[in-house]
file start-v5.pdb (PDB, C-alpha atoms)
ATOM      1  CA  MET A   1      36.140 355.919 166.940
ATOM      2  CA  LYS A   2      38.845 357.187 169.272
ATOM      3  CA  ARG A   3      42.307 355.706 169.402
ATOM      4  CA  ILE A   4      44.027 355.571 172.785
ATOM      5  CA  LEU A   5      47.650 354.901 173.630
ATOM      6  CA  VAL A   6      48.498 353.713 177.144
ATOM      7  CA  THR A   7      52.074 354.246 178.276
ATOM      8  CA  GLY A   8      52.973 351.779 180.975
ATOM      9  CA  LYS A   9      52.203 348.455 179.325
ATOM     10  CA  ASN A  10      53.020 346.397 182.403
ATOM     11  CA  SER A  11      51.685 348.760 185.066
ATOM     12  CA  TYR A  12      48.779 347.788 187.307
ATOM     13  CA  ILE A  13      46.590 350.718 186.236
ATOM     14  CA  GLY A  14      47.679 350.514 182.604
ATOM     15  CA  LYS A  15      46.707 346.859 182.283
ATOM     16  CA  ALA A  16      43.412 347.382 184.111
ATOM     17  CA  PHE A  17      42.427 350.282 181.865
ATOM     18  CA  TYR A  18      43.497 348.427 178.705
ATOM     19  CA  ASP A  19      41.324 345.439 179.618
ATOM     20  CA  TYR A  20      38.375 347.652 180.523
ATOM     21  CA  ILE A  21      38.354 350.003 177.540
ATOM     22  CA  SER A  22      38.903 347.127 175.095
ATOM     23  CA  GLN A  23      35.300 346.055 175.763
ATOM     24  CA  PHE A  24      33.887 349.147 174.049
ATOM     25  CA  LYS A  25      33.641 349.122 170.264
ATOM     26  CA  GLU A  26      33.897 352.928 170.023
ATOM     27  CA  TYR A  27      37.505 352.797 171.234
ATOM     28  CA  THR A  28      40.671 351.117 170.064
ATOM     29  CA  VAL A  29      43.595 350.938 172.452
ATOM     30  CA  ASP A  30      47.283 350.104 172.267
ATOM     31  CA  SER A  31      49.836 350.015 175.051
ATOM     32  CA  ILE A  32      53.599 350.465 175.024
ATOM     33  CA  SER A  33      56.418 350.192 177.510
ATOM     34  CA  VAL A  34      58.510 353.306 178.100
ATOM     35  CA  ARG A  35      61.260 351.615 180.118
ATOM     36  CA  ASP A  36      63.817 352.264 177.392
ATOM     37  CA  ASN A  37      64.015 354.725 174.505
ATOM     38  CA  GLY A  38      61.980 352.615 172.090
ATOM     39  CA  TRP A  39      58.938 354.870 172.592
ATOM     40  CA  LYS A  40      60.750 357.667 170.772
ATOM     41  CA  LYS A  41      60.385 355.705 167.530
ATOM     42  CA  GLU A  42      56.644 355.211 168.002
ATOM     43  CA  ASP A  43      54.273 357.232 165.819
ATOM     44  CA  PHE A  44      51.724 359.026 168.028
ATOM     45  CA  SER A  45      49.985 360.814 165.157
ATOM     46  CA  SER A  46      47.205 358.240 164.794
ATOM     47  CA  TYR A  47      46.102 358.559 168.432
ATOM     48  CA  ASN A  48      43.507 360.919 169.866
ATOM     49  CA  VAL A  49      44.513 360.320 173.479
ATOM     50  CA  VAL A  50      47.639 359.349 175.413
ATOM     51  CA  PHE A  51      47.014 357.966 178.897
ATOM     52  CA  HIS A  52      50.329 358.134 180.738
ATOM     53  CA  VAL A  53      50.501 355.865 183.782
ATOM     54  CA  ALA A  54      54.134 354.719 183.776
ATOM     55  CA  GLY A  55      56.147 355.805 186.797
ATOM     56  CA  ILE A  56      58.107 354.753 189.869
ATOM     57  CA  VAL A  57      55.987 354.314 192.977
ATOM     58  CA  HIS A  58      56.695 351.515 195.414
ATOM     59  CA  LEU A  59      60.062 352.111 197.010
ATOM     60  CA  ASN A  60      60.944 352.512 200.677
ATOM     61  CA  MET A  61      61.347 356.282 200.974
ATOM     62  CA  LYS A  62      63.833 355.959 203.839
ATOM     63  CA  LYS A  63      66.170 353.589 202.016
ATOM     64  CA  VAL A  64      66.700 355.348 198.719
ATOM     65  CA  SER A  65      70.093 356.395 197.418
ATOM     66  CA  ASP A  66      70.781 359.709 195.702
ATOM     67  CA  GLU A  67      70.935 357.865 192.387
ATOM     68  CA  GLN A  68      67.489 356.361 192.975
ATOM     69  CA  LYS A  69      66.108 359.790 193.858
ATOM     70  CA  LYS A  70      67.396 361.107 190.539
ATOM     71  CA  LEU A  71      65.623 358.217 188.834
ATOM     72  CA  TYR A  72      62.309 359.324 190.354
ATOM     73  CA  TYR A  73      62.652 362.723 188.667
ATOM     74  CA  LYS A  74      63.961 361.208 185.447
ATOM     75  CA  VAL A  75      60.964 358.873 185.149
ATOM     76  CA  ASN A  76      58.107 360.633 186.931
ATOM     77  CA  THR A  77      58.940 364.165 185.800
ATOM     78  CA  ASP A  78      61.216 364.296 182.754
ATOM     79  CA  LEU A  79      59.748 361.280 180.944
ATOM     80  CA  THR A  80      56.214 362.584 181.462
ATOM     81  CA  ILE A  81      57.062 365.955 179.928
ATOM     82  CA  PHE A  82      59.008 364.414 177.021
ATOM     83  CA  LEU A  83      56.072 362.113 176.207
ATOM     84  CA  ALA A  84      53.624 365.024 176.331
ATOM     85  CA  GLN A  85      55.840 367.130 174.082
ATOM     86  CA  LYS A  86      55.978 364.328 171.535
ATOM     87  CA  ALA A  87      52.218 363.769 171.774
ATOM     88  CA  LYS A  88      51.495 367.455 171.202
ATOM     89  CA  LYS A  89      53.948 367.745 168.328
ATOM     90  CA  GLU A  90      52.399 364.738 166.588
ATOM     91  CA  GLY A  91      48.810 365.958 166.896
ATOM     92  CA  VAL A  92      47.415 364.098 169.929
ATOM     93  CA  LYS A  93      44.467 366.084 171.292
ATOM     94  CA  GLN A  94      44.342 364.904 174.915
ATOM     95  CA  PHE A  95      47.018 363.841 177.392
ATOM     96  CA  ILE A  96      45.880 362.179 180.638
ATOM     97  CA  PHE A  97      48.441 362.024 183.427
ATOM     98  CA  MET A  98      48.245 359.762 186.459
ATOM     99  CA  SER A  99      49.499 361.993 189.217
ATOM    100  CA  SER A 100      48.924 361.272 192.924
ATOM    101  CA  ALA A 101      47.449 362.530 196.172
ATOM    102  CA  SER A 102      51.075 362.593 197.343
ATOM    103  CA  VAL A 103      51.388 366.079 195.870
ATOM    104  CA  TYR A 104      49.511 367.235 199.008
ATOM    105  CA  GLY A 105      52.073 365.743 201.343
ATOM    106  CA  ASP A 106      51.444 363.445 204.292
ATOM    107  CA  GLY A 107      48.199 362.666 206.017
ATOM    108  CA  ALA A 108      47.409 363.936 209.513
ATOM    109  CA  PRO A 109      48.600 361.808 212.437
ATOM    110  CA  ILE A 110      46.254 359.736 214.608
ATOM    111  CA  GLY A 111      43.591 361.907 216.195
ATOM    112  CA  LYS A 112      43.904 364.844 213.797
ATOM    113  CA  GLU A 113      41.894 365.603 210.666
ATOM    114  CA  ARG A 114      43.126 366.267 207.153
ATOM    115  CA  VAL A 115      40.509 367.007 204.518
ATOM    116  CA  ILE A 116      41.669 368.068 201.059
ATOM    117  CA  THR A 117      39.539 370.710 199.345
ATOM    118  CA  LYS A 118      39.937 372.731 196.155
ATOM    119  CA  GLU A 119      41.639 375.420 198.197
ATOM    120  CA  THR A 120      44.300 373.046 199.551
ATOM    121  CA  GLN A 121      47.699 373.940 198.140
ATOM    122  CA  ILE A 122      50.045 371.194 197.003
ATOM    123  CA  SER A 123      52.921 370.652 199.430
ATOM    124  CA  PRO A 124      54.797 367.410 198.720
ATOM    125  CA  THR A 125      56.898 366.073 201.581
ATOM    126  CA  ASN A 126      58.937 363.478 199.697
ATOM    127  CA  PHE A 127      60.612 363.192 196.322
ATOM    128  CA  TYR A 128      57.865 360.949 194.933
ATOM    129  CA  GLY A 129      55.209 363.603 195.501
ATOM    130  CA  ASP A 130      57.583 366.341 194.379
ATOM    131  CA  SER A 131      58.407 364.505 191.137
ATOM    132  CA  LYS A 132      54.678 364.260 190.366
ATOM    133  CA  ALA A 133      54.104 367.940 191.210
ATOM    134  CA  LYS A 134      56.932 369.016 188.915
ATOM    135  CA  ALA A 135      55.488 366.868 186.119
ATOM    136  CA  GLU A 136      52.105 368.577 186.578
ATOM    137  CA  ASN A 137      53.734 371.999 186.285
ATOM    138  CA  GLY A 138      55.505 370.980 183.083
ATOM    139  CA  LEU A 139      52.299 369.648 181.552
ATOM    140  CA  ARG A 140      50.345 372.822 182.274
ATOM    141  CA  LYS A 141      52.871 374.815 180.281
ATOM    142  CA  LEU A 142      52.184 372.623 177.232
ATOM    143  CA  GLU A 143      48.407 372.956 177.324
ATOM    144  CA  ASP A 144      46.603 375.067 174.743
ATOM    145  CA  ASN A 145      43.332 375.063 172.784
ATOM    146  CA  ASP A 146      44.422 372.089 170.704
ATOM    147  CA  PHE A 147      46.141 370.081 173.440
ATOM    148  CA  LYS A 148      44.050 369.221 176.477
ATOM    149  CA  VAL A 149      45.761 368.039 179.654
ATOM    150  CA  VAL A 150      43.963 365.995 182.318
ATOM    151  CA  ILE A 151      45.700 365.554 185.676
ATOM    152  CA  LEU A 152      44.350 362.850 187.999
ATOM    153  CA  ARG A 153      45.164 362.906 191.716
ATOM    154  CA  PRO A 154      43.613 359.721 193.108
ATOM    155  CA  PRO A 155      44.210 358.572 196.686
ATOM    156  CA  MET A 156      45.230 354.974 197.483
ATOM    157  CA  ILE A 157      44.250 352.728 194.573
ATOM    158  CA  TYR A 158      43.320 349.128 195.273
ATOM    159  CA  GLY A 159      41.877 346.119 193.523
ATOM    160  CA  LYS A 160      42.715 342.538 192.657
ATOM    161  CA  GLY A 161      46.470 342.145 192.222
ATOM    162  CA  CYS A 162      47.305 345.582 193.670
ATOM    163  CA  LYS A 163      50.386 346.413 195.707
ATOM    164  CA  GLY A 164      50.999 348.923 198.476
ATOM    165  CA  ASN A 165      49.159 349.767 201.694
ATOM    166  CA  TYR A 166      45.959 347.888 200.890
ATOM    167  CA  LEU A 167      47.887 344.653 200.470
ATOM    168  CA  MET A 168      49.428 345.143 203.916
ATOM    169  CA  LEU A 169      45.994 345.626 205.503
ATOM    170  CA  ALA A 170      44.598 342.586 203.698
ATOM    171  CA  LYS A 171      47.404 340.417 205.074
ATOM    172  CA  LEU A 172      46.696 341.663 208.594
ATOM    173  CA  ALA A 173      42.971 341.053 208.169
ATOM    174  CA  LYS A 174      43.573 337.404 207.307
ATOM    175  CA  LYS A 175      45.903 336.783 210.254
ATOM    176  CA  MET A 176      44.691 338.892 213.185
ATOM    177  CA  PRO A 177      41.544 337.939 215.130
ATOM    178  CA  VAL A 178      41.804 341.233 217.043
ATOM    179  CA  PHE A 179      42.602 344.696 215.709
ATOM    180  CA  PRO A 180      42.755 348.241 217.154
ATOM    181  CA  LYS A 181      39.536 350.219 216.923
ATOM    182  CA  ILE A 182      40.557 353.651 215.696
ATOM    183  CA  LYS A 183      38.400 356.478 214.405
ATOM    184  CA  ASN A 184      40.018 357.747 211.227
ATOM    185  CA  SER A 185      39.080 358.785 207.692
ATOM    186  CA  ARG A 186      40.813 357.694 204.498
ATOM    187  CA  SER A 187      39.845 358.249 200.873
ATOM    188  CA  MET A 188      40.435 355.285 198.573
ATOM    189  CA  CYS A 189      39.834 354.572 194.899
ATOM    190  CA  TYR A 190      38.811 351.148 193.634
ATOM    191  CA  ILE A 191      40.416 350.303 190.298
ATOM    192  CA  GLY A 192      37.009 349.546 188.728
ATOM    193  CA  ASN A 193      35.840 353.069 189.542
ATOM    194  CA  LEU A 194      39.096 354.618 188.359
ATOM    195  CA  VAL A 195      39.051 353.049 184.895
ATOM    196  CA  GLU A 196      35.443 354.172 184.399
ATOM    197  CA  PHE A 197      36.481 357.692 185.396
ATOM    198  CA  VAL A 198      39.302 357.709 182.834
ATOM    199  CA  LYS A 199      36.850 356.513 180.182
ATOM    200  CA  LEU A 200      34.595 359.485 181.003
ATOM    201  CA  MET A 201      37.553 361.878 180.743
ATOM    202  CA  ILE A 202      38.084 360.644 177.191
ATOM    203  CA  GLU A 203      34.409 360.474 176.289
ATOM    204  CA  ASN A 204      33.769 364.043 177.474
ATOM    205  CA  GLU A 205      37.071 365.400 176.135
ATOM    206  CA  GLU A 206      37.907 366.917 179.512
ATOM    207  CA  ARG A 207      40.791 369.072 180.636
ATOM    208  CA  GLY A 208      41.894 370.127 184.120
ATOM    209  CA  ILE A 209      42.613 368.541 187.508
ATOM    210  CA  PHE A 210      40.396 365.785 188.910
ATOM    211  CA  TRP A 211      40.249 363.778 192.140
ATOM    212  CA  PRO A 212      38.615 360.379 191.477
ATOM    213  CA  CYS A 213      37.838 358.259 194.542
ATOM    214  CA  ASN A 214      35.184 356.051 196.079
ATOM    215  CA  ASN A 215      31.967 357.594 197.279
ATOM    216  CA  GLU A 216      32.527 356.242 200.804
ATOM    217  CA  ILE A 217      35.186 357.483 203.206
ATOM    218  CA  SER A 218      36.993 354.450 204.634
ATOM    219  CA  ASN A 219      37.924 353.664 208.223
ATOM    220  CA  THR A 220      40.988 351.457 208.678
ATOM    221  CA  SER A 221      39.532 349.321 211.479
ATOM    222  CA  GLU A 222      36.240 348.724 209.685
ATOM    223  CA  LEU A 223      38.105 348.025 206.447
ATOM    224  CA  VAL A 224      40.158 345.260 208.078
ATOM    225  CA  LYS A 225      36.969 343.819 209.565
ATOM    226  CA  MET A 226      35.314 343.931 206.145
ATOM    227  CA  ILE A 227      38.213 342.128 204.454
ATOM    228  CA  ALA A 228      38.255 339.429 207.135
ATOM    229  CA  SER A 229      34.515 338.831 206.703
ATOM    230  CA  VAL A 230      35.078 337.905 203.043
ATOM    231  CA  TYR A 231      37.025 334.896 204.345
ATOM    232  CA  GLY A 232      34.389 334.033 206.932
ATOM    233  CA  LYS A 233      36.501 335.393 209.784
ATOM    234  CA  LYS A 234      35.396 337.659 212.602
ATOM    235  CA  THR A 235      37.638 340.474 213.772
ATOM    236  CA  LEU A 236      37.256 341.818 217.276
ATOM    237  CA  LEU A 237      37.960 345.552 217.328
ATOM    238  CA  ILE A 238      39.634 346.661 220.553
ATOM    239  CA  PRO A 239      39.011 350.283 221.669
ATOM    240  CA  GLY A 240      41.416 352.370 223.708
ATOM    241  CA  CYS A 241      44.495 351.815 221.517
ATOM    242  CA  SER A 242      45.020 355.408 220.383
ATOM    243  CA  LEU A 243      47.729 356.312 222.884
ATOM    244  CA  VAL A 244      49.749 353.153 222.198
ATOM    245  CA  LEU A 245      49.529 353.721 218.448
ATOM    246  CA  LYS A 246      50.534 357.373 218.831
ATOM    247  CA  LEU A 247      53.652 356.243 220.702
ATOM    248  CA  LEU A 248      54.393 353.607 218.055
ATOM    249  CA  SER A 249      54.001 356.236 215.317
ATOM    250  CA  CYS A 250      57.062 358.003 216.757
ATOM    251  CA  VAL A 251      59.070 354.888 215.879
ATOM    252  CA  SER A 252      57.400 353.831 212.626
ATOM    253  CA  SER A 253      55.832 356.104 210.013
ATOM    254  CA  SER A 254      53.758 353.159 208.754
ATOM    255  CA  VAL A 255      51.496 353.514 211.830
ATOM    256  CA  ASN A 256      50.278 356.927 210.730
ATOM    257  CA  LYS A 257      49.978 355.675 207.160
ATOM    258  CA  ALA A 258      47.581 353.011 208.367
ATOM    259  CA  PHE A 259      45.699 354.884 211.096
ATOM    260  CA  GLY A 260      46.175 358.553 210.196
ATOM    261  CA  ASN A 261      43.687 360.763 208.368
ATOM    262  CA  PHE A 262      43.694 361.816 204.725
ATOM    263  CA  CYS A 263      40.515 362.287 202.759
ATOM    264  CA  TYR A 264      39.016 364.340 199.957
ATOM    265  CA  ALA A 265      36.034 366.594 200.544
ATOM    266  CA  PRO A 266      32.947 364.994 198.896
ATOM    267  CA  GLU A 267      32.473 367.845 196.427
ATOM    268  CA  LEU A 268      36.086 367.510 195.257
ATOM    269  CA  SER A 269      35.674 364.002 193.881
ATOM    270  CA  ALA A 270      32.163 364.505 192.472
ATOM    271  CA  TYR A 271      31.669 364.436 188.701
ATOM    272  CA  LYS A 272      28.732 365.270 186.454
ATOM    273  CA  THR A 273      28.400 361.602 185.451
ATOM    274  CA  ASN A 274      28.456 358.799 188.002
ATOM    275  CA  TYR A 275      31.681 356.838 187.711
ATOM    276  CA  ARG A 276      31.405 354.945 190.988
ATOM    277  CA  LYS A 277      30.084 351.666 189.666
ATOM    278  CA  TYR A 278      31.210 349.835 192.784
ATOM    279  CA  GLY A 279      30.531 350.555 196.436
ATOM    280  CA  LEU A 280      33.151 349.848 199.077
ATOM    281  CA  GLU A 281      31.826 346.482 200.262
ATOM    282  CA  GLU A 282      31.329 345.133 196.750
ATOM    283  CA  SER A 283      34.795 346.288 195.684
ATOM    284  CA  ILE A 284      36.358 344.520 198.683
ATOM    285  CA  ARG A 285      34.558 341.288 197.842
ATOM    286  CA  ILE A 286      35.732 341.452 194.229
ATOM    287  CA  THR A 287      39.289 342.309 195.253
ATOM    288  CA  GLU A 288      39.561 339.445 197.743
ATOM    289  CA  LYS A 289      37.636 336.805 195.790
TER     290      LYS A 289
END

call {"tool": "encode", "arguments": {"input": "start-v5.pdb", "output": "structure tokens"}}
result
Amino acid sequence: MKRILVTGKNSYIGKAFYDYISQFKEYTVDSISVRDNGWKKEDFSSYNVVFHVAGIVHLNMKKVSDEQKKLYYKVNTDLTIFLAQKAKKEGVKQFIFMSSASVYGDGAPIGKERVITKETQISPTNFYGDSKAKAENGLRKLEDNDFKVVILRPPMIYGKGCKGNYLMLAKLAKKMPVFPKIKNSRSMCYIGNLVEFVKLMIENEERGIFWPCNNEISNTSELVKMIASVYGKKTLLIPGCSLVLKLLSCVSSSVNKAFGNFCYAPELSAYKTNYRKYGLEESIRITEK
């Protein structure tokens, strides 16, 4: 039986993984909050695996003070490394870190492609992505034969109760009978597929960098239409909006976030065991219902 410690007791991913892995009798799992210094008193020696998901994510990047920027590095970088050091010192064999696709920087604007492959170099364009990249670098220095490090770089994660860009699209889908028809490509990762992937990382005692995501590449327009259909609504997709959206993207970065391009090459997210238990349509139905 393997014992797992989840750091980030109240996080979306942490709670989802805790609930999922608790179903399997071959694992026992505990979760702790790392918001204060109480974690320093915890004994990690009885755990085989630490799954570190705690971090700062959802802030408006344009309205962040210098003090808040420092907090990103304090939590996303320094705390990650301190936790890994403690885990290694106390005999934990595997440390799984929830990094982010943000280490690759921004997606391509409307009309341009951006496909991430194994050869793509990390190039963060904001302090969130940079704080995750620096944490990755620190973790690699700790790895040895007895301490395995797994780094996960998922794209946008969604599921019931999620926050972020998916929630914005879902709200639009429920309200707008018409929507721009744009050809774009976005990788996404349903929470049900992600937690299965983490389970496989533990089961197979993996180490290295991984890119879990859905099997399907998503299109923003079709995604909105799909969400609306769950509620019995029809969305009319209007072609010929590219130029208008390109102009709007000069004013608001959220336009490119919604309609730009950012996806993983299929071979990048493949794994020797199938972890994609849910297809895109099914995952949308579960998320919305």

call {"tool": "residues_near_point", "arguments": {"input": "start-v5.pdb", "point": "(35.5, 353.5, 217.4)", "cutoff": "9 Å", "atoms": "only C-alpha atoms", "output": "JSON, numbers by chain"}}
result
{"A": [180, 181, 182, 183, 184, 221, 237, 238, 239, 240]}

call {"tool": "resolve_selection", "arguments": {"input": "start-v5.pdb", "expression": "the PyMOL selection byres ((chain A and resi 165-177) around 8)", "output": "list of chain:residue names"}}
result
A:Met156, A:Tyr158, A:Cys162, A:Lys163, A:Gly164, A:Val178, A:Phe179, A:Val224, A:Lys225, A:Ile227, A:Ala228, A:Tyr231, A:Lys233, A:Lys234, A:Thr235, A:Leu236, A:Ala258

call {"tool": "residues_around", "arguments": {"input": "start-v5.pdb", "residues": "Lys160 (chain A)", "least_positions_apart": "6", "cutoff": "10 Å", "atoms": "all atoms listed in the file", "output": "count of residues only"}}
result
13

call {"tool": "closest_residue", "arguments": {"input": "start-v5.pdb", "among": "A:Gln94, A:Gln23, A:Thr273, A:Ser31", "to": "Glu143 (chain A)", "atoms": "all atoms listed in the file"}}
result
A:Gln94

call {"tool": "closest_residue", "arguments": {"input": "start-v5.pdb", "among": "A:Ile157, A:Val149, A:Met201, A:Ile81", "to": "Ser131 (chain A)", "atoms": "only C-alpha atoms"}}
result
A:Ile81

call {"tool": "resolve_selection", "arguments": {"input": "start-v5.pdb", "expression": "the PyMOL selection byres ((chain A and resi 209) around 9)", "output": "PyMOL selection string"}}
result
chain A and resi 149-153+207-208+210-211

call {"tool": "closest_residue", "arguments": {"input": "start-v5.pdb", "among": "A:Lys141, A:Lys132, A:His52, A:Lys86", "to": "Lys15 (chain A)", "atoms": "all atoms listed in the file"}}
result
A:His52

call {"tool": "decode", "arguments": {"input": "start-v5.pdb", "residues": "region 11-55 of chain A", "atoms": "C-alpha atoms", "output": "compact mmCIF listing (two decimals), in the first residue's frame"}}
result
# COMPACT_ATOMS: atom_id res chain seq x y z
CA SER A 11 -7.25 23.51 -4.03
CA TYR A 12 -9.46 22.43 -6.92
CA ILE A 13 -7.02 19.80 -8.20
CA GLY A 14 -6.02 18.69 -4.71
CA LYS A 15 -9.60 17.99 -3.66
CA ALA A 16 -10.42 16.25 -6.94
CA PHE A 17 -7.40 13.96 -6.67
CA TYR A 18 -8.06 13.22 -2.99
CA ASP A 19 -11.64 12.16 -3.75
CA TYR A 20 -10.56 10.06 -6.72
CA ILE A 21 -7.62 8.20 -5.20
CA SER A 22 -9.55 7.51 -1.98
CA GLN A 23 -11.64 4.99 -3.94
CA PHE A 24 -8.69 2.63 -4.38
CA LYS A 25 -7.82 0.31 -1.50
CA GLU A 26 -4.14 0.10 -2.51
CA TYR A 27 -3.64 3.76 -1.62
CA THR A 28 -4.10 5.86 1.49
CA VAL A 29 -4.12 9.62 1.13
CA ASP A 30 -3.91 12.63 3.41
CA SER A 31 -4.03 16.30 2.52
CA ILE A 32 -2.64 19.36 4.27
CA SER A 33 -2.80 23.09 3.82
CA VAL A 34 0.50 24.91 3.31
CA ARG A 35 -0.88 28.44 3.68
CA ASP A 36 1.06 28.98 6.90
CA ASN A 37 4.14 27.35 8.41
CA GLY A 38 2.25 24.48 10.04
CA TRP A 39 3.45 22.07 7.33
CA LYS A 40 6.98 22.34 8.70
CA LYS A 41 5.87 20.38 11.77
CA GLU A 42 4.33 17.59 9.69
CA ASP A 43 6.16 14.26 9.52
CA PHE A 44 6.62 13.25 5.86
CA SER A 45 8.57 10.07 6.64
CA SER A 46 5.54 7.77 6.43
CA TYR A 47 4.64 8.86 2.89
CA ASN A 48 5.82 7.34 -0.37
CA VAL A 49 4.61 10.23 -2.52
CA VAL A 50 4.02 13.97 -2.14
CA PHE A 51 1.69 15.50 -4.72
CA HIS A 52 2.24 19.25 -4.57
CA VAL A 53 -0.60 21.27 -6.10
CA ALA A 54 -0.73 24.36 -3.87
CA GLY A 55 0.04 27.62 -5.63
